Each structure stands twice: as C-alpha cells, then as structure tokens.
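S.K.: Before I ask anything, here is the structure I am working with.
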Amino acid sequence: MFVSDNLSINEKNHLVIGKSDTVKLAEKYGTPLYVLDDDLFRKNCRIYKQAIEKFYEGNGLALYASKALCCIHVCKTAAEEGLGLDVVSGGELYTAIKAGFPMDKVYFHGNNKTPDEIELAVKSGVSHIIVDNIYELEKINETAKHEGVIQKIMFRIKPGIDAHTHDFIRTGQIDSKFGVALENGEAFEIIKHAMKLENVKVDGVHCHIGSQIFDIDPFCLAAEVMMNFIGDLKDKLGLEIEKLNLGGGFGIKYVESDDPIPYDKYIQSVSEVIKSTASKRNVKVPFILMEPGRSISAPAGITLYTVGGIKDIKNVRKYVSVDGGMGDNPRYILYGSKYSAVAANHASDPYDEVVTVAGKCCESGDIILENEKLQKLNVGDTLAVLATGAYNYSMASNYNRIPRPAIVAVSDGNDKIIVKRETYDDIIMNDVE
Ligand code: LLP
C-alpha cells in the first residue's frame with residue numbers, strides 16, 4: 001500500500017516510519033517537518049555497496065550524490081556506510097569537510113566551478129575533480145601548480161544518450177550545459193590537451209544520463225559507449241583510463257504506478273556490459289563509480305504537515321491547504337511531480353475523496369498533490385507526504401520569508417533533530433539596514 005516498506009500503521013491508526021509514530025513526531029517537533037529514516041537510508045547505501053561486491057568483485061565505489069539531501073548528519077552516515085561523496089558546489093564540499101568526510105572519497109562536480117571553489121577543492125584534497133570545460137581545466141591545473149600538487153581529474157562526457165525522463169533533468173545529450181560531447185570530438189580534444197598539462201592527472205571519464213530513470217537499457221548503452229571511448233583513448237592516445245563513473249539517476253517509487261528497477265539488477269547488467277566491452281576493446285576493466293542520490297535518500301524521507309483551511313468549491317475542486325508547500329517541496333511547481341500522501345492520524349481510512357493539497361505560499365501553482373485520491377482530511381489532521389527525502393530540503397527556499405522546516409532523523413524508535421527549524425531571526429539574519 002505504501003511506496004516505501006519502512007512505513008506501517010500502528011494500533012492507534014497512526015502512520016509509523018521505521019518504529020516511530022509520525023503523529024507523536026509532529027506533536028513533539030511541530031510541522032512542517034521533514035523526517036528521515038536513518039535505517040532505510042543506510043540500507044539503501046548497502047544495496048549499492050553489496051551489489052558492487054557481488055557483481056563487480058568490489059572493484060568500485062558508490063558515491064552518495066549529496067545534492068539529493070545534504071547536511072552534516074547525512075554526510076556522516078554515508079561515510080559510516082563506506083560510501084564516497086559527490087559534491088557539486090563549495091557549499092556541499094564545505095558540509096563534507098565539516099562532517100569529517102574522508103576527502104579521498106570526495107568527487108567534486110559542477111558545470112561552472114568558480115576559482116574559489118576550485119581552490120577549496122584542491123586545498124582540501126578531494127579525490128577527483130570532474131572537469132566540465134576547458135576554462136576550468138586550465139584553472140585546476142594552475143591552482144594545483146600553485147599548491148604544488150597533482151590533481152586527479154575525470155571528464156564529464158555527454159555520451160549522447162536520450163534517457164526517457166523529464167526534459168529538465170535530461171543531461172546525457174549534446175544539447176546540454178553539462179560536460180563535453182563525444183560525437184563532435186570535443187571530449188577527445190580536451191583529454192588530449194589535458195595530457196599535456198603538468199599538474200593534473202587524467203584518471204577517468206564520467207557520464208550522467210538523467211534522473212528518475214526506470215529503464216536499464218539507457219544505462220547499459222551509456223556504459224558501452226563510454227567503454228568504447230575508453231578503447232579509443234587507448235588506441236589513439238595510448239591513454240589507459242583507470243576509472244569509469246556512470247553517474248546516478250536510478251528511479252524511485254513516488255506513486256503506485258512507478259515501477260523502479262531493483263538497483264542491484266542495474267549494477268549486474270552494467271557490470272556485464274563493461275566487462276564484455278573491455279575484453280572486446282582490449283582495455284583493462286576499470287574501477288567503477290556511480291552516484292546515486294534520489295534512490296538512497298528519497299524513500300527514506302517523508303514530510304509531515306498540519307492541515308489548515310479546506311475549501312470545497314462546488315463543481316470545481318476541493319482544496320486542502322497545509323502549513324508548508326513549495327518552499328519545502330518545489331517539485332510540483334518545477335516539474336509537475338507526483339507524490340503519495342497519507343492522513344497520518346487516521347492512516348488506514350479509505351482513499352475516497354479527490355482533493356488538491358495546496359501550500360501556503362502566495363502563488364497559485366504552490367501545490368503538493370493535484371486532484372489526487374486521498375483520505376477525508378479535516379482541519380488539524382497531520383498529513384504525511386511520502387518519498388520526500390531527496391530534492392526537497394536540498395531545494396527548499398524561503399519564499400514569502402517562510403522559515404525552512406527542521407529535519408528529524410529516526411532510527412530504531414529513537415528520534416533526534418539533525419537540522420534545526422529556521423526561525424524568523426534566521427530569516428533576517430543577513431539583512432542590513
Ligand atoms: N550525478 C550527477 C552528475 C548528477 O547530475 C546527478 C543529479 C546525480 C549524480 C544524482 O542523480 P539521482 O541519483 O539523484 O537521480 N532536482 C531534480 C533532480 C536533478 C538531478 C540533478 N543531477 C528533481 O527534483 O527531480
């Protein structure tokens with residue numbers, strides 16, 4: 001019935017996440033509230049780790065893509081689970097540093113890294129910088145020279161794969177702001193150039209074909225294209241590529257009709273493609289990296305709201321307003337994303353009303369669920385929106401000067417704040433008269 005199997009209903013008819021009663025959490029911490037099930041987050045990390053061991057002889061590393069949900073606690077958890085980290089900005093890198101994340105497992109991304117970010121990355125000793133363009137390649141070389149180090153780099157390649165997903169998050173094709181293209185020789189040329197630079201070491205290639213993808217085929221095709229490119233680099237430049245990073249993008253279940261692939265199946269299929277293409281092209285089997293974000297954190301998170309005003313507009317629709325909205329979850333207004341929801345304080349009631357759940361922002365598109373079947377909601381109910389653990393907190397804003405919610409982590413029936421609720425004073429903190 002629920003989109004994640006860590007959810008259940010207790011004898012009080014309350015929704016339970018892990019072993020924690022969500023109604024009690026809402027009472028204790030207030031709403032809106034993000035709740036993260038640490039145990040499920042850890043379990044999801046292990047799926048990747050174990051699949052790499054099982055299907056790829058442990059010759060790889062899963063990097064948690066911290067853009068999905070980044071805070072010190074989450075970085076620490078990913079580190080404890082033995083994962084590496086994908087960071088995409090100075091802010092995410094700074095969080096990793098403050099979390100004590102092992103820097104030799106941090107990979108720094110971004111299509112327009114600033115000189116300051118490059119300096120922070122090189123100085124803090126990140127494992128690899130994933131190079132996006134020629135400008136930053138020169139800058140990384142210059143910075144590494146200044147610091148007296150050789151910085152390991154990978155290149156973000158557009159493999160030309162058109163994964164079937166939302167247009168805004170489709171990045172593998174040539175018309176994308178990310179990376180360098182294969183088909184026009186751009187990727188080949190930049191790598192050839194990098195080989196001449198003294199303070200960078202070309203160590204790998206990377207691609208990321210999109211997000212919330214349900215098919216295995218585009219991933220396998222991307223792996224094959226990338227392995228052939230590795231073969232070309234060896235044949236034409238004598239360059240042996242050590243590492244292949246295949247990005248993230250594995251789909252999750254937001255609503256009943258979503259049918260994600262088991263993640264270990266993906267790793268099994270891709271491993272086979274990599275090994276067979278390596279042998280065909282006579283190159284060594286590379287160390288693999290992948291960057292799952294959503295599939296690790298999204299199913300582990302829910303958002304709790306309190307129901308406020310309800311408007312039943314005859315022959316039009318019924319609006320149920322909650323005390324959060326696009327400020328804490330901008331995914332409907334950005335992508336028209338769909339979610340599942342549960343009346344947390346009467347969780348087993350039938351879904352027999354069609355309603356639109358709206359937020360409290362001054363914006364008509366501020367909607368969380370549009371015309372979806374839900375349980376009958378009353379003022380004061382606690383509403384749980386499911387699978388919000390990725391790209392909700394990390395994309396939250398203070399629109400209308402609404403403070404961002406707290407995040408509470410639950411584990412084995414215990415709960416603790418991992419990100420404090422913002423206050424009005426936080427809102428005006430940087431204002432100068
Ligand atoms: N690696 C790279 C280079 C990426 O660009 C991304 C996501 C990931 C890994 C992680 O992908 P995941 O496994 O989480 O799908 N805000 C959008 C998603 C944008 C994803 C951007 N890149 C959303 O809310 O759907």
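The way I read the labels, and the way they are meant: chains A, B, ... in the order of the structure tokens, residue 1 as the first residue of every chain, and ligand 1 as the first ligand shown, with later ones counted on from there.
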Where does chain A meet ligand 1 within 7 Å, residue by residue, with the nearest atom pair and distance in Å to one decimal for each, counting only C-alpha atoms and all ligand atoms, listed by chain and rising number, as a Markdown table?
M.R.:
```
| residue | atom | partner | partner_atom_place_in_ligand_line | distance |
| --- | --- | --- | --- | --- |
| A:Ala65 | CA | ligand 1 | 10 (C) | 5.2 |
| A:Ala68 | CA | ligand 1 | 14 (O) | 5.6 |
| A:His109 | CA | ligand 1 | 3 (C) | 6.7 |
| A:Ile169 | CA | ligand 1 | 19 (C) | 5.6 |
| A:His208 | CA | ligand 1 | 3 (C) | 5.3 |
| A:Gly210 | CA | ligand 1 | 15 (O) | 6.7 |
| A:Ser211 | CA | ligand 1 | 15 (O) | 3.8 |
| A:Gln212 | CA | ligand 1 | 15 (O) | 5.3 |
| A:Gly247 | CA | ligand 1 | 1 (N) | 4.4 |
| A:Gly248 | CA | ligand 1 | 13 (O) | 3.8 |
| A:Gly249 | CA | ligand 1 | 15 (O) | 3.2 |
| A:Phe250 | CA | ligand 1 | 13 (O) | 5.3 |
| A:Gly251 | CA | ligand 1 | 15 (O) | 6.8 |
| A:Glu291 | CA | ligand 1 | 9 (C) | 4.6 |
| A:Pro292 | CA | ligand 1 | 13 (O) | 3.7 |
| A:Gly293 | CA | ligand 1 | 14 (O) | 3.5 |
| A:Arg294 | CA | ligand 1 | 14 (O) | 3.7 |
| A:Ser295 | CA | ligand 1 | 13 (O) | 5.9 |
| A:Arg331 | CA | ligand 1 | 24 (O) | 5.8 |
| A:Tyr391 | CA | ligand 1 | 24 (O) | 4.7 |
```
S.K.: Apply DSSP to the backbone of this structure and, from stretch 110-192 of chain A, keep only the residues in strand (DSSP E); write these as a list in words.
M.R.: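 Here are the strand (DSSP E) residues of stretch 110-192 of chain A: His128, Ile129, Ile130, Val131, Gln151, Lys152, Ile153, Met154, Phe155, Arg156, Ile157, Lys158, Val180 and Ala181 of chain A.
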S.K.: Those same residues - all heavy atoms - I'd like them written as an mmCIF file, in the first residue's frame.
M.R.:
```
data_model
loop_
_atom_site.group_PDB
_atom_site.id
_atom_site.type_symbol
_atom_site.label_atom_id
_atom_site.label_comp_id
_atom_site.auth_asym_id
_atom_site.auth_seq_id
_atom_site.Cartn_x
_atom_site.Cartn_y
_atom_site.Cartn_z
ATOM 1 N N HIS A 128 38.917 13.492 -6.638
ATOM 2 C CA HIS A 128 38.889 13.847 -8.060
ATOM 3 C C HIS A 128 38.037 15.095 -8.282
ATOM 4 O O HIS A 128 37.033 15.288 -7.592
ATOM 5 C CB HIS A 128 38.260 12.729 -8.892
ATOM 6 C CG HIS A 128 39.146 11.538 -9.049
ATOM 7 N ND1 HIS A 128 39.427 10.680 -8.012
ATOM 8 C CD2 HIS A 128 39.813 11.055 -10.135
ATOM 9 C CE1 HIS A 128 40.227 9.728 -8.445
ATOM 10 N NE2 HIS A 128 40.482 9.921 -9.734
ATOM 11 N N ILE A 129 38.436 15.871 -9.263
ATOM 12 C CA ILE A 129 37.556 16.926 -9.762
ATOM 13 C C ILE A 129 37.047 16.452 -11.117
ATOM 14 O O ILE A 129 37.838 15.996 -11.950
ATOM 15 C CB ILE A 129 38.287 18.278 -9.894
ATOM 16 C CG1 ILE A 129 38.815 18.721 -8.515
ATOM 17 C CG2 ILE A 129 37.350 19.342 -10.481
ATOM 18 C CD1 ILE A 129 39.524 20.069 -8.510
ATOM 19 N N ILE A 130 35.731 16.510 -11.302
ATOM 20 C CA ILE A 130 35.175 16.102 -12.580
ATOM 21 C C ILE A 130 35.110 17.354 -13.455
ATOM 22 O O ILE A 130 34.343 18.281 -13.194
ATOM 23 C CB ILE A 130 33.787 15.431 -12.427
ATOM 24 C CG1 ILE A 130 33.949 14.058 -11.765
ATOM 25 C CG2 ILE A 130 33.146 15.188 -13.790
ATOM 26 C CD1 ILE A 130 33.924 14.002 -10.324
ATOM 27 N N VAL A 131 35.956 17.370 -14.466
ATOM 28 C CA VAL A 131 36.138 18.576 -15.283
ATOM 29 C C VAL A 131 35.007 18.700 -16.297
ATOM 30 O O VAL A 131 34.662 17.732 -16.982
ATOM 31 C CB VAL A 131 37.493 18.517 -16.031
ATOM 32 C CG1 VAL A 131 37.672 19.737 -16.917
ATOM 33 C CG2 VAL A 131 38.629 18.399 -15.044
ATOM 34 N N GLN A 151 46.613 17.173 -9.282
ATOM 35 C CA GLN A 151 45.194 16.908 -9.010
ATOM 36 C C GLN A 151 44.665 15.855 -9.980
ATOM 37 O O GLN A 151 44.797 15.998 -11.192
ATOM 38 C CB GLN A 151 44.394 18.214 -9.153
ATOM 39 C CG GLN A 151 42.899 18.045 -8.953
ATOM 40 C CD GLN A 151 42.535 17.572 -7.546
ATOM 41 O OE1 GLN A 151 42.946 18.199 -6.560
ATOM 42 N NE2 GLN A 151 41.795 16.478 -7.450
ATOM 43 N N LYS A 152 44.053 14.815 -9.397
ATOM 44 C CA LYS A 152 43.445 13.800 -10.265
ATOM 45 C C LYS A 152 42.119 14.340 -10.806
ATOM 46 O O LYS A 152 41.343 14.954 -10.067
ATOM 47 C CB LYS A 152 43.190 12.509 -9.483
ATOM 48 C CG LYS A 152 44.465 11.687 -9.280
ATOM 49 C CD LYS A 152 44.187 10.369 -8.609
ATOM 50 C CE LYS A 152 44.002 10.577 -7.128
ATOM 51 N NZ LYS A 152 43.637 9.372 -6.394
ATOM 52 N N ILE A 153 41.891 14.100 -12.089
ATOM 53 C CA ILE A 153 40.663 14.605 -12.707
ATOM 54 C C ILE A 153 39.961 13.516 -13.524
ATOM 55 O O ILE A 153 40.580 12.530 -13.941
ATOM 56 C CB ILE A 153 40.942 15.828 -13.632
ATOM 57 C CG1 ILE A 153 42.001 15.478 -14.694
ATOM 58 C CG2 ILE A 153 41.359 17.056 -12.839
ATOM 59 C CD1 ILE A 153 42.168 16.557 -15.756
ATOM 60 N N MET A 154 38.668 13.748 -13.718
ATOM 61 C CA MET A 154 37.880 12.934 -14.648
ATOM 62 C C MET A 154 37.202 13.934 -15.568
ATOM 63 O O MET A 154 37.102 15.112 -15.231
ATOM 64 C CB MET A 154 36.772 12.169 -13.926
ATOM 65 C CG MET A 154 37.219 11.301 -12.807
ATOM 66 S SD MET A 154 35.782 10.388 -12.170
ATOM 67 C CE MET A 154 36.281 8.775 -12.632
ATOM 68 N N PHE A 155 36.690 13.467 -16.672
ATOM 69 C CA PHE A 155 35.976 14.373 -17.572
ATOM 70 C C PHE A 155 34.510 14.004 -17.660
ATOM 71 O O PHE A 155 34.178 12.822 -17.776
ATOM 72 C CB PHE A 155 36.597 14.342 -18.971
ATOM 73 C CG PHE A 155 37.873 15.117 -18.999
ATOM 74 C CD1 PHE A 155 39.072 14.510 -18.680
ATOM 75 C CD2 PHE A 155 37.858 16.472 -19.277
ATOM 76 C CE1 PHE A 155 40.247 15.231 -18.660
ATOM 77 C CE2 PHE A 155 39.024 17.204 -19.255
ATOM 78 C CZ PHE A 155 40.225 16.586 -18.944
ATOM 79 N N ARG A 156 33.667 15.015 -17.590
ATOM 80 C CA ARG A 156 32.236 14.767 -17.762
ATOM 81 C C ARG A 156 31.921 14.720 -19.250
ATOM 82 O O ARG A 156 32.071 15.707 -19.977
ATOM 83 C CB ARG A 156 31.397 15.841 -17.089
ATOM 84 C CG ARG A 156 29.930 15.612 -17.377
ATOM 85 C CD ARG A 156 29.019 15.990 -16.281
ATOM 86 N NE ARG A 156 27.649 15.625 -16.626
ATOM 87 C CZ ARG A 156 26.617 15.849 -15.867
ATOM 88 N NH1 ARG A 156 26.791 16.428 -14.702
ATOM 89 N NH2 ARG A 156 25.414 15.496 -16.240
ATOM 90 N N ILE A 157 31.504 13.543 -19.691
ATOM 91 C CA ILE A 157 31.257 13.298 -21.112
ATOM 92 C C ILE A 157 29.752 13.217 -21.367
ATOM 93 O O ILE A 157 29.024 12.606 -20.591
ATOM 94 C CB ILE A 157 31.894 11.943 -21.537
ATOM 95 C CG1 ILE A 157 33.350 11.813 -21.057
ATOM 96 C CG2 ILE A 157 31.741 11.699 -23.026
ATOM 97 C CD1 ILE A 157 34.337 12.689 -21.735
ATOM 98 N N LYS A 158 29.334 13.807 -22.482
ATOM 99 C CA LYS A 158 27.938 13.633 -22.902
ATOM 100 C C LYS A 158 27.923 12.456 -23.855
ATOM 101 O O LYS A 158 28.392 12.570 -24.989
ATOM 102 C CB LYS A 158 27.457 14.876 -23.657
ATOM 103 C CG LYS A 158 27.343 16.105 -22.784
ATOM 104 C CD LYS A 158 26.770 17.267 -23.549
ATOM 105 C CE LYS A 158 27.832 18.260 -23.901
ATOM 106 N NZ LYS A 158 27.312 19.593 -24.257
ATOM 107 N N VAL A 180 31.367 17.629 -21.980
ATOM 108 C CA VAL A 180 31.866 17.744 -23.352
ATOM 109 C C VAL A 180 31.339 16.568 -24.177
ATOM 110 O O VAL A 180 31.219 15.448 -23.683
ATOM 111 C CB VAL A 180 33.418 17.765 -23.384
ATOM 112 C CG1 VAL A 180 33.954 19.121 -22.956
ATOM 113 C CG2 VAL A 180 34.021 16.668 -22.519
ATOM 114 N N ALA A 181 31.041 16.853 -25.453
ATOM 115 C CA ALA A 181 30.364 15.853 -26.279
ATOM 116 C C ALA A 181 31.351 14.893 -26.935
ATOM 117 O O ALA A 181 32.489 15.242 -27.229
ATOM 118 C CB ALA A 181 29.525 16.549 -27.345
#
```
S.K.: Taking 5 positions as the minimum chain separation for residues in the same chain, which residues sit within 12 Å of A:Arg46 when counting only C-alpha atoms? Answer as a PyMOL selection string.
M.R.: chain A and resi 39-41+51-54+61-64+77-83+263-264+292+295-296
S.K.: Calculate how many Å separate atom CA of A:Asn329 from atom CA of A:Leu85, rounding to one decimal.
M.R.: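 Interatomic distance here is 23.6 Å.
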